[in-house]
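Student: I have a structure I would like to understand better, so I am pasting it below and will then ask my questions one at a time.
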Amino acid sequence: MSTPLFFSARTVPMARRAAALAAAVAVWAGADSARAQSSGEPAAPREDVYRAVGALLARNLPRTHLSRRPLDEAMGARAFDLFLNAMDPERAYFTQADIDALRQDAGRFDRRLVAGDLEFARRAFNRLKERARDRVAFAERFLSEPPGADSDLTYRWRRRDEPWPADEAERDELWRRKLLNDVIARKVAVRLADEDRARRSENGAGAEPNAAGEEDGVSDRHLSPEAFVLKRYRQFLQVLNDSDDEWVADRFFSAFTQAYDPHSEYLSAVRSEDFDINMKLSLVGIGAVLSTEDGMARIVRLIPGGPAERDGRLRPNDRIAAVAQGDGEPVNVMHWPLYKVVRLIRGEAGTRVTLTVWPAADLSGATERRIEIVRDEVKLEDKAARGAVREVPVGEGKARRMAVVTLPEFYADFKGMSNGNGAEARRSSRDVRNLLQTLQNENGGFDGLILDLRNNGGGSLPDAIELAGLFIRAGPIVQVRDTRSTQVATDPDPRMAYGGPMIVLVNRLSASASEIVAAALQDYRRALIIGDSKTHGKGTVQTLLPLDRSDPALGQLKVTTAAFYRIAGGSTQRRGVEPDIVIPSFLDVTDVGEEFLPHALEWSAVDRTFYSVFADQFPDVAALRAASEERRRNDPRFETWNRTREQLAERMKSAELPLNLEARVRLARAERELDRLQEELDATAEREREKDDGKDLVLQEALRVLADIVAWREARSATAAPPPAAEPEEPAPAAPVEASPAEAAP
């Protein structure tokens, strides 16, 4: 799983500890890894190391994990299923007879962890290699003659929830369809590339060969479709044969940590080294958060300011099928361990890496793209807060001036702060305050504010608290509960940077610290929230603990130790923050969100804390929502937007693919057009938004909603006392009303 932003359970007042952890931005596909690469894979650890790791994990997981669940037979059974799913995610190699035999052989799986006993794990892995050899031999026989192209059969492409084949005959039938699907996908990819090349030739636009000498992004053109497919399966078998005990141990120990929740991980000494690289403030690579899904590396989100985000072609939910270095041949990385995919993508600044990508809308890989990216480091300016004033026409030649402040990440210069330069150290909350002051002082100021937190995956917890505090006078921001108590983090600064009309934009990639800010401003009724049906829903806190401080060879445990709660009492876990006005993006029809992760912790609640709600910040939400919906119904751009989303939703729901060549060509053309429309309309294309705000339909509609709020407040001010004003005036006192704890209900 991807490594999320996380904070120590007791870090609300501990900036330095939060700093070190917040610098670890997910599974960053990049960093200066010369030492790790030059040293090669380490020798397999000794058996005494495995025994020590198992015993320490068995002792520490129940004691340190937030749930305090004991490591018992039930947790062992959950870990057993996770272990087998990690080895055979498509449920295509093992049969049910294999599973039954392995289950009997495993016995009490939890006791194997206590003993640090990897013998069963090795036997299971050896059986997987036997089954893989058998399937490659089957593929060689089946593909010895080109299969027909006019089949009426279908292939169930997503098998992670399917049962294992009942017997050999059922597995053979599955593989006949699986191989036919692979061959057809290759034929479709070649045909579409040929059509593109012919179209370019007709238009007089030739194609320049890329780094690998390809003119159309199709590798291995000299191979027949059957030979191409067979090459991939032979490569996978080679990966299995080359895997050592580290591969087996990683899956064995991680199965137990992720039985507790998806964000808890065991980091071996090798993976700890990778993690230490990820924590550096200067990161080199492509800048992408990766996770594993159905045996492929999947893009979770792009790091603000990173090369992939600046390039603009990679998008969330795209899957990586192969990786090439410079002018080298692509290496098939399907079914690779995630840390090995990350190492292959990683490299020095200025070097090229080429990713073979399956777009999110493409279920079969027939429309794969080759994306070449030059590795680079993130520059602070590229991920820093930025702002501008936009004019919104309101009729009769008039316009409202609206400030839009975009914050890609909650960042802080922790090194500068720890060196005693806190007053000058760069921080996101300080940058936003300065931006607001600048925008208020230039060109007559502005009438309303949009804080754009879309795609913001989190970051510095202290900065999230201080940022929310810019828009209130004083009060609580978030509650943090660990196994011992619940703490309330409050606004540390009584100054109010802005007190006028305000909207916060979010989507399903807004997570962690972003959810804290959006939830607090919503609970205070200080800002209107607009965006996807919900935010990501990551409401947990992780802490990195060495298994044994005296022996780094034992690795580390990243374990969930605390949870975030809104000041109204409800957790942000799973449910995230539900906007007041929903304008769903393409992310809303994909499996993006905490609720889709296996064994994610459930939603819960604590007692609400006392806070005073802001009065008269915006009119009745139902009226604003109705006006927005009416505008969108009459806007042809939103008609295209909604139609494209519905088409993508249908594709994502589809469980079967036709095994007929012409039917697949038609499907691939539709997927390609869907991918093109999504690229044009997708609000996550941040660099395109900066070039032309008109392409960002969600932002455009949010500006219109904000104009409605400003008009309502101006009309109300003519007959009533003014609402709280921005500094330096003192705001009108908010009514001392305790918030209704809607989310605190069981």
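A note on labels: chains of the structure tokens are A, B, ... as shown, every chain counts residues from 1, and ligands are counted from 1 in their shown order.
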Run DSSP on the backbone of this structure and report the residues of segment 649-685 of chain A it assigns to helix (DSSP H, G or I), as a list in words.

Tutor: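 DSSP on the backbone gives helix (DSSP H, G or I) at Ala649, Glu650, Arg651, Met652, Lys653, Leu661, Glu662, Ala663, Arg664, Val665, Arg666, Leu667, Ala668, Arg669, Ala670, Glu671, Arg672, Glu673, Leu674, Asp675, Arg676, Leu677, Gln678, Glu679, Glu680 and Leu681 of chain A.
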
Student: Residues of the last selection are to be written out with N, CA and C atoms, as a compact mmCIF listing (two decimals), in the first residue's frame.

Tutor:
# COMPACT_ATOMS: atom_id res chain seq x y z
N ALA A 649 -17.90 5.84 -15.45
CA ALA A 649 -18.49 5.00 -14.41
C ALA A 649 -18.93 3.66 -14.97
N GLU A 650 -19.52 3.67 -16.15
CA GLU A 650 -19.94 2.42 -16.79
C GLU A 650 -18.73 1.53 -17.09
N ARG A 651 -17.64 2.15 -17.57
CA ARG A 651 -16.46 1.36 -17.86
C ARG A 651 -15.88 0.76 -16.58
N MET A 652 -15.86 1.53 -15.50
CA MET A 652 -15.28 1.03 -14.27
C MET A 652 -16.13 -0.08 -13.66
N LYS A 653 -17.45 -0.05 -13.92
CA LYS A 653 -18.33 -1.09 -13.39
C LYS A 653 -18.25 -2.38 -14.20
N LEU A 661 -12.05 -9.60 -31.53
CA LEU A 661 -11.13 -8.55 -31.93
C LEU A 661 -11.85 -7.27 -32.34
N GLU A 662 -12.83 -7.37 -33.23
CA GLU A 662 -13.49 -6.16 -33.72
C GLU A 662 -14.26 -5.46 -32.60
N ALA A 663 -14.87 -6.24 -31.73
CA ALA A 663 -15.58 -5.64 -30.59
C ALA A 663 -14.60 -4.91 -29.68
N ARG A 664 -13.41 -5.47 -29.52
CA ARG A 664 -12.41 -4.82 -28.65
C ARG A 664 -11.83 -3.58 -29.31
N VAL A 665 -11.69 -3.58 -30.64
CA VAL A 665 -11.23 -2.37 -31.32
C VAL A 665 -12.21 -1.24 -31.10
N ARG A 666 -13.51 -1.54 -31.23
CA ARG A 666 -14.53 -0.51 -30.99
C ARG A 666 -14.47 -0.03 -29.54
N LEU A 667 -14.31 -0.96 -28.62
CA LEU A 667 -14.23 -0.60 -27.21
C LEU A 667 -13.00 0.26 -26.93
N ALA A 668 -11.87 -0.09 -27.54
CA ALA A 668 -10.63 0.66 -27.32
C ALA A 668 -10.74 2.08 -27.87
N ARG A 669 -11.39 2.22 -29.02
CA ARG A 669 -11.58 3.57 -29.56
C ARG A 669 -12.45 4.40 -28.63
N ALA A 670 -13.48 3.78 -28.08
CA ALA A 670 -14.33 4.50 -27.13
C ALA A 670 -13.55 4.87 -25.88
N GLU A 671 -12.69 3.95 -25.41
CA GLU A 671 -11.88 4.23 -24.22
C GLU A 671 -10.89 5.36 -24.50
N ARG A 672 -10.33 5.37 -25.69
CA ARG A 672 -9.38 6.42 -26.05
C ARG A 672 -10.08 7.78 -26.07
N GLU A 673 -11.27 7.83 -26.65
CA GLU A 673 -12.01 9.09 -26.67
C GLU A 673 -12.39 9.52 -25.26
N LEU A 674 -12.77 8.55 -24.44
CA LEU A 674 -13.11 8.84 -23.05
C LEU A 674 -11.90 9.38 -22.31
N ASP A 675 -10.74 8.78 -22.55
CA ASP A 675 -9.51 9.26 -21.92
C ASP A 675 -9.18 10.67 -22.37
N ARG A 676 -9.41 10.97 -23.66
CA ARG A 676 -9.14 12.32 -24.18
C ARG A 676 -10.07 13.34 -23.52
N LEU A 677 -11.36 13.00 -23.44
CA LEU A 677 -12.31 13.92 -22.82
C LEU A 677 -11.99 14.12 -21.34
N GLN A 678 -11.62 13.03 -20.67
CA GLN A 678 -11.28 13.15 -19.26
C GLN A 678 -10.07 14.05 -19.07
N GLU A 679 -9.10 13.92 -19.96
CA GLU A 679 -7.90 14.76 -19.85
C GLU A 679 -8.24 16.23 -20.05
N GLU A 680 -9.18 16.51 -20.95
CA GLU A 680 -9.56 17.89 -21.20
C GLU A 680 -10.35 18.49 -20.03
N LEU A 681 -11.19 17.66 -19.42
CA LEU A 681 -12.13 18.18 -18.43
C LEU A 681 -11.69 17.98 -16.98

Student: Need to verify the contact set: Ile320 of chain A, 9 Å, only C-alpha atoms, exclusion of same-chain residues closer than 2 positions in sequence. Can you return it as a PDB file with C-alpha atoms, in the first residue's frame?

Tutor:
ATOM      1  CA  MET A 296       0.120  -3.508 -10.877  1.00  0.00           C
ATOM      2  CA  ALA A 297       1.611  -0.284  -9.539  1.00  0.00           C
ATOM      3  CA  ARG A 298      -1.152   2.342  -9.537  1.00  0.00           C
ATOM      4  CA  ILE A 299      -0.785   6.124  -9.422  1.00  0.00           C
ATOM      5  CA  ASP A 318      -3.248   5.210 -14.178  1.00  0.00           C
ATOM      6  CA  ALA A 322       6.628  -1.362 -17.677  1.00  0.00           C
ATOM      7  CA  VAL A 323       9.592   0.906 -16.926  1.00  0.00           C
ATOM      8  CA  VAL A 333       6.867  -4.687 -13.787  1.00  0.00           C
ATOM      9  CA  MET A 334       3.469  -6.309 -13.480  1.00  0.00           C
ATOM     10  CA  LEU A 355       6.730   4.522 -18.161  1.00  0.00           C
ATOM     11  CA  THR A 356       4.367   2.264 -20.080  1.00  0.00           C
ATOM     12  CA  VAL A 357       1.022   3.300 -18.639  1.00  0.00           C
ATOM     13  CA  TRP A 358      -2.504   1.925 -18.844  1.00  0.00           C
ATOM     14  CA  PRO A 359      -4.903   4.895 -18.538  1.00  0.00           C
TER      15      PRO A 359
END

Student: Can you list, as a PyMOL selection string, every protein, DNA or RNA residue that comes within 7 Å of segment 555-561 of chain A when you count only C-alpha atoms, leaving out same-chain residues fewer than 3 positions away?

Tutor: chain A and resi 9+64-66+263-269+272+482+540-547+552

Student: Rank nothing, just name the residue among A:Arg713, A:His536, A:Arg171, A:Arg199 nearest to Arg301 of chain A, using only C-alpha atoms.

Tutor: A:His536

Student: Might you pull out every residue within 10 Å of Arg122 of chain A, with only C-alpha atoms counted and same-chain residues fewer than 2 positions away left off, and present them as number ranges by chain?

Tutor: A: 117-120, 124-128, 244-245, 247-249, 252

Student: When DSSP is applied to the backbone of this structure, which of segment 309-458 of chain A are assigned strand (DSSP E)? Write them out as a ChimeraX atom specification.

Tutor: /A:319-325,331-332,352-358,369-374,376-377,386-395,398-406,448-452

Student: Tell me which protein, DNA and RNA residues are within 8 Å of Met502 of chain A, counting only C-alpha atoms, leaving out same-chain ones fewer than 2 positions away, and put them as a ChimeraX atom specification.

Tutor: /A:448-451,500,504,526-528,706

Student: Put those residues in a file: N, CA and C atoms, as a short mmCIF file (atom, residue, chain, number, x, y, z; two decimals), in the first residue's frame.

Tutor:
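Result written to result.cif:
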data_model
loop_
_atom_site.label_atom_id
_atom_site.label_comp_id
_atom_site.auth_asym_id
_atom_site.auth_seq_id
_atom_site.Cartn_x
_atom_site.Cartn_y
_atom_site.Cartn_z
N GLY A 448 -14.41 38.13 -2.01
CA GLY A 448 -14.60 36.80 -1.43
C GLY A 448 -13.36 35.95 -1.68
N LEU A 449 -13.27 34.80 -1.00
CA LEU A 449 -12.07 33.97 -1.05
C LEU A 449 -12.43 32.52 -1.32
N ILE A 450 -11.68 31.88 -2.21
CA ILE A 450 -11.74 30.43 -2.40
C ILE A 450 -10.39 29.86 -1.99
N LEU A 451 -10.42 28.93 -1.05
CA LEU A 451 -9.22 28.19 -0.64
C LEU A 451 -9.29 26.83 -1.32
N GLY A 500 -14.11 37.49 5.68
CA GLY A 500 -15.20 37.65 4.72
C GLY A 500 -15.72 36.35 4.15
N VAL A 504 -14.25 26.58 0.48
CA VAL A 504 -13.12 25.65 0.43
C VAL A 504 -13.44 24.58 -0.61
N ARG A 526 -17.97 28.55 9.07
CA ARG A 526 -17.17 29.69 8.63
C ARG A 526 -17.01 29.72 7.12
N ALA A 527 -17.01 28.54 6.49
CA ALA A 527 -16.83 28.45 5.04
C ALA A 527 -17.78 27.41 4.48
N LEU A 528 -18.13 27.60 3.23
CA LEU A 528 -18.92 26.63 2.49
C LEU A 528 -17.96 25.67 1.80
N LEU A 706 -19.76 31.72 -4.89
CA LEU A 706 -19.19 32.75 -4.01
C LEU A 706 -19.81 34.11 -4.32
#

Student: Between atom CA of Arg369 of chain A and atom CA of Thr351 of chain A, what is the spacing in Å?

Tutor: 19.7 Å

Student: Restricting the calculation to only C-alpha atoms: of A:Gln479, A:Ser585, A:Thr609, A:Ser533, which residue gets closest to Phe564 of chain A?

Tutor: A:Gln479
